[in-house]
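Asks: Please read through the structure below; I'll follow up with questions.
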Amino acid sequence: MKKIIFIFLSFFIALSTVNAQKGINFSRTYPGGGKLLMCVDSSAQNVFYANMFPNQPRTSFSYLPEVNNVSIQIYFRKDINIQHYRYTILADNKPIVVNKSINIAQLKDVDRGDEEIFRSTTLGIFPIKGKTITTLIYSIEKPLDIDKAVFYGKPIPRAKIKGFSKRFATDKGIDYSWITDPKERTNLTFSKKDEELTIVKDRSDIDYLYHTSIKDKQTNKIIFETTAWEYGGLIEEHEFLPYVKIDKNVFKKSGSYEIIIQPLIKWTGCMDCDISPKDIEKYITRHTLSITVDEENYTKKELFIYAFIVAFAIGLAFLVILYFTKKRNKKKLAEKEQQKNMAKLQLNSIRSQLNPHFLFNALSGIQNLMNKNEIDNANKYLSKFARLTRNVLDDKELISLSQEKTLLDDYLQMEQLRFGFKYEINHSENLGLDNIEISSMLLQPFVENAVKHGISQKGTDGKIMITFIKHANDLVLTVADNGNGFDTEKKNNGLGLLLSNNRIALLNSIYKENRFTLAIQSTTEGTKISLTLTDWL
């Protein structure tokens, strides 16, 4: 008796274990589309979940060929007004729940592992084998934004091509030539009057799933593809069948072309995938078109030769024009470069004249201090003069505004020892002195004139103001003094100003896109010299 009871208990436990394995595995969830997640049978494989389609932006499709039951859950973020949401559930297009609100009392907090707490509830457990479960979810605030999720538990039918038609022009407009129930291969000839080819397939409730492409079997390249189907009364009366139109010009030449109609399922994008290429092929429809293109319009040998000759002649003419254009431009560039180099030589010549002129004036200043027996000032002057001399004799064409400011500081501090005047060097706040370069010693001759001819006799009452100003894309450099001024109409025999004018003329010849403009204003209350470097910044 004990043995019988033991056998019976073992059988009961084994049966319970088998049933448990067939039950839903709630520890593993799959995306169901939108706000939905799903759980399926413990032993289920090939769960192709939440497929999306270009022509159905708010529809997701889960293919569940080996699932008996599916549990559908809905998830909401904490900040969503759940009371506004409604859902409808259909089984094989028959409503089982219509416009039902979410039962807020059944919501539970769920940690999804991404540091965000969701609220979730189950919409139900549904038998799916051989059926289609469809959920429609929307908010009453946006009733037209409906998220549709399809859970498909039936085999996806292979698409069947019902026929082909050619549209062609007639004297009265257009007409169609039909081929219905085609075999595996269809022969078609496109004449000059033919305009397009139409492919008609059988209708299903999941037409949006099917993707159509045409492959050129000679090149093995896809020449046409679409996910959109139109519907019309074609072939079969009282039934609108899906069809797609293809322009005749897609077929560039005669040969074999393969029509491929297949469901847009991510066959490798599932958990526990166990589907072979052979199994996937069961869902794909292939049909071969043997196309003959009218020779008179597309493959005339004479037209090809003529096109080749014209293309060769145009190409040759283009190369000849390009050669002479480059040669002429090269000559112009060489001439411009030569002119620029000559101008630079002249500029260096002027700078070489300015340097000794400046050094002579500086040495005169030192001699003057020594003659007055101002030994300390003479030593300070000589120290400034040594650093200034190194900067002046440095043969750099361009220096930064920061270096120019340092040079002017050294010079003015040196001259302050002789004349006791005051000076300031200011600049715009949005002007990067280290990043902007100007011609070396561009302002020094004007500053020297301000000292010698402007404020040298004023002693401590003399003042010199130097500014670097950004005005739009222009750089404006000014030197102003409160001296007695001079008559700007009279010809000035000063070497520094004359060399500076010549230097500016040469700079304008080198930097043709940037105009250097010198303006002098002088009254009995002082002199202001402005040098504008156009589009320098």
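Following the order of the structure tokens, first chain is A, next is B, and so on, with residues numbered from 1 inside each chain and ligands from 1 in the order they appear.
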Pick out the residues sitting within 7 Å of range 402-406 of chain A, and hand them over as a PyMOL selection string; count only C-alpha atoms, and ignore anything fewer than 4 positions along from it in its own chain.
Replies: chain A and resi 410+433-434+441
Asks: Excluding Ile260 in chain A and residues on its chain fewer than 3 positions from it, collect all residues at most 12 Å away from it, counting only C-alpha atoms, and give them as number ranges by chain.
Replies: A: 158-161, 184, 199, 201, 210-217, 222-227, 257, 263-264, 281, 283-289
Asks: Extract, using only C-alpha atoms, all DNA, RNA and protein residues at most 10 Å from Thr134 in chain A, discarding same-chain residues fewer than 4 positions from it, and format them as a PyMOL selection string.
Replies: chain A and resi 60-61+88-95+148-152
Asks: With N, CA and C atoms retained, write the just-selected residues as a tab-separated table (two decimals), in the first residue's frame.
Replies:
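To be explicit, this is the file written out as again23.tsv:
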chain	number	residue	atom	x	y	z
A	60	SER	N	2.98	48.68	-32.43
A	60	SER	CA	4.03	47.69	-32.17
A	60	SER	C	3.43	46.30	-32.38
A	61	PHE	N	4.29	45.38	-32.78
A	61	PHE	CA	3.83	44.04	-33.16
A	61	PHE	C	4.75	43.01	-32.50
A	88	THR	N	-8.57	49.75	-24.47
A	88	THR	CA	-9.50	48.81	-25.09
A	88	THR	C	-8.70	47.58	-25.48
A	89	ILE	N	-9.27	46.40	-25.27
A	89	ILE	CA	-8.61	45.15	-25.63
A	89	ILE	C	-9.53	44.36	-26.54
A	90	LEU	N	-8.95	43.85	-27.65
A	90	LEU	CA	-9.70	43.04	-28.60
A	90	LEU	C	-9.02	41.68	-28.73
A	91	ALA	N	-9.85	40.66	-28.85
A	91	ALA	CA	-9.36	39.32	-29.14
A	91	ALA	C	-9.91	38.94	-30.51
A	92	ASP	N	-9.01	38.76	-31.49
A	92	ASP	CA	-9.42	38.48	-32.88
A	92	ASP	C	-10.43	39.52	-33.35
A	93	ASN	N	-10.09	40.80	-33.07
A	93	ASN	CA	-10.89	41.95	-33.50
A	93	ASN	C	-12.25	42.05	-32.81
A	94	LYS	N	-12.51	41.23	-31.78
A	94	LYS	CA	-13.75	41.34	-31.02
A	94	LYS	C	-13.43	41.98	-29.67
A	95	PRO	N	-14.11	43.05	-29.32
A	95	PRO	CA	-13.78	43.75	-28.07
A	95	PRO	C	-14.14	42.92	-26.85
A	148	LYS	N	-1.08	51.47	-30.27
A	148	LYS	CA	-1.64	50.16	-30.59
A	148	LYS	C	-0.56	49.09	-30.44
A	149	ALA	N	-0.87	48.03	-29.68
A	149	ALA	CA	0.06	46.92	-29.53
A	149	ALA	C	-0.65	45.64	-29.94
A	150	VAL	N	-0.03	44.92	-30.87
A	150	VAL	CA	-0.62	43.68	-31.39
A	150	VAL	C	0.23	42.51	-30.90
A	151	PHE	N	-0.44	41.53	-30.25
A	151	PHE	CA	0.22	40.31	-29.80
A	151	PHE	C	-0.32	39.18	-30.68
A	152	TYR	N	0.54	38.66	-31.54
A	152	TYR	CA	0.10	37.76	-32.61
A	152	TYR	C	0.54	36.34	-32.29
Asks: Looking only at the backbone, which of the residues in range 155-393 of chain A does DSSP tag as helix (DSSP H, G or I), as a ChimeraX atom specification?
Replies: /A:207-209,248-250,277-281,295-298,301-371,375-393
Asks: Store the residues of this selection in a file with C-alpha atoms, as a CSV table (one decimal), in the first residue's frame.
Replies:
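Wrote part_0.csv, looks like this:
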chain,number,residue,atom,x,y,z
A,207,ASP,CA,-0.6,44.1,-44.4
A,208,TYR,CA,1.5,46.8,-42.7
A,209,LEU,CA,3.9,44.0,-41.7
A,248,LYS,CA,9.0,51.4,-65.4
A,249,ASN,CA,12.3,53.3,-65.4
A,250,VAL,CA,13.3,51.3,-62.3
A,277,PRO,CA,17.3,30.7,-42.1
A,278,LYS,CA,15.3,27.8,-43.6
A,279,ASP,CA,12.5,28.6,-41.1
A,280,ILE,CA,12.6,32.3,-41.9
A,281,GLU,CA,12.4,31.5,-45.7
A,295,GLU,CA,15.7,48.3,-77.4
A,296,GLU,CA,14.6,51.4,-79.4
A,297,ASN,CA,14.4,53.5,-76.3
A,298,TYR,CA,17.0,52.2,-73.9
A,301,LYS,CA,24.4,51.2,-79.7
A,302,GLU,CA,24.5,54.5,-81.7
A,303,LEU,CA,23.1,56.5,-78.8
A,304,PHE,CA,25.7,55.1,-76.5
A,305,ILE,CA,28.6,55.9,-78.8
A,306,TYR,CA,27.2,59.4,-79.4
A,307,ALA,CA,26.9,60.0,-75.7
A,308,PHE,CA,30.4,58.7,-75.2
A,309,ILE,CA,31.8,61.0,-77.9
A,310,VAL,CA,30.0,64.1,-76.5
A,311,ALA,CA,31.1,63.3,-73.0
A,312,PHE,CA,34.7,62.8,-74.1
A,313,ALA,CA,34.7,66.1,-76.1
A,314,ILE,CA,33.2,68.0,-73.2
A,315,GLY,CA,35.7,66.5,-70.8
A,316,LEU,CA,38.6,67.3,-73.1
A,317,ALA,CA,37.4,70.9,-73.5
A,318,PHE,CA,37.0,71.2,-69.8
A,319,LEU,CA,40.6,69.9,-69.2
A,320,VAL,CA,42.0,72.3,-71.8
A,321,ILE,CA,40.2,75.3,-70.2
A,322,LEU,CA,41.2,74.2,-66.8
A,323,TYR,CA,44.9,73.9,-67.8
A,324,PHE,CA,45.1,77.4,-69.3
A,325,THR,CA,43.1,78.9,-66.4
A,326,LYS,CA,45.5,77.3,-63.9
A,327,LYS,CA,48.4,78.5,-65.9
A,328,ARG,CA,47.1,82.1,-66.1
A,329,ASN,CA,46.2,82.1,-62.3
A,330,LYS,CA,49.7,80.7,-61.5
A,331,LYS,CA,51.3,83.6,-63.5
A,332,LYS,CA,49.0,86.1,-61.7
A,333,LEU,CA,49.9,84.6,-58.3
A,334,ALA,CA,53.6,84.8,-59.1
A,335,GLU,CA,53.3,88.5,-60.1
A,336,LYS,CA,51.4,89.2,-57.0
A,337,GLU,CA,53.9,87.4,-54.8
A,338,GLN,CA,56.7,89.3,-56.5
A,339,GLN,CA,55.0,92.6,-55.8
A,340,LYS,CA,54.3,91.6,-52.2
A,341,ASN,CA,58.0,90.6,-51.7
A,342,MET,CA,59.1,93.9,-53.2
A,343,ALA,CA,56.8,95.7,-50.9
A,344,LYS,CA,58.1,93.7,-47.9
A,345,LEU,CA,61.7,94.6,-48.9
A,346,GLN,CA,60.7,98.3,-49.0
A,347,LEU,CA,58.9,97.9,-45.7
A,348,ASN,CA,62.0,96.4,-44.1
A,349,SER,CA,64.0,99.3,-45.6
A,350,ILE,CA,61.8,101.9,-44.0
A,351,ARG,CA,61.9,100.0,-40.7
A,352,SER,CA,65.7,99.9,-41.0
A,353,GLN,CA,65.6,103.7,-41.3
A,354,LEU,CA,63.2,104.1,-38.4
A,355,ASN,CA,65.4,102.1,-36.1
A,356,PRO,CA,68.5,104.2,-36.2
A,357,HIS,CA,66.4,107.4,-36.2
A,358,PHE,CA,64.8,106.1,-33.0
A,359,LEU,CA,68.1,105.0,-31.4
A,360,PHE,CA,69.7,108.3,-32.3
A,361,ASN,CA,66.9,110.2,-30.5
A,362,ALA,CA,67.2,107.8,-27.5
A,363,LEU,CA,71.0,108.3,-27.2
A,364,SER,CA,70.4,112.0,-27.4
A,365,GLY,CA,68.1,111.7,-24.4
A,366,ILE,CA,70.8,109.8,-22.4
A,367,GLN,CA,73.4,112.4,-23.3
A,368,ASN,CA,71.1,115.2,-22.3
A,369,LEU,CA,70.6,113.6,-18.8
A,370,MET,CA,74.3,113.2,-18.4
A,371,ASN,CA,75.0,116.8,-19.3
A,375,ILE,CA,73.3,110.3,-13.2
A,376,ASP,CA,70.6,108.2,-11.5
A,377,ASN,CA,68.0,109.1,-14.2
A,378,ALA,CA,70.6,108.5,-16.9
A,379,ASN,CA,71.2,105.0,-15.5
A,380,LYS,CA,67.5,104.2,-15.3
A,381,TYR,CA,67.2,105.6,-18.8
A,382,LEU,CA,70.0,103.4,-20.0
A,383,SER,CA,68.5,100.3,-18.4
A,384,LYS,CA,65.2,100.9,-20.2
A,385,PHE,CA,67.1,101.7,-23.4
A,386,ALA,CA,68.9,98.3,-23.3
A,387,ARG,CA,65.7,96.3,-23.3
A,388,LEU,CA,64.0,98.6,-25.8
A,389,THR,CA,67.0,98.3,-28.1
A,390,ARG,CA,66.7,94.5,-28.1
A,391,ASN,CA,63.0,94.7,-29.1
A,392,VAL,CA,63.6,97.3,-31.7
A,393,LEU,CA,66.5,95.4,-33.4
Asks: Record the distance separating CA of Phe446 in chain A and CA of Gly420 in chain A, expressed in Å with one decimal.
Replies: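 Value for the CA of Phe446 in chain A-CA of Gly420 in chain A distance: 18.7 Å.
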Asks: Closest to Gln45 in chain A among A:Phe190, A:Tyr85, A:Met271, A:Ser177, using only C-alpha atoms?
Replies: A:Met271
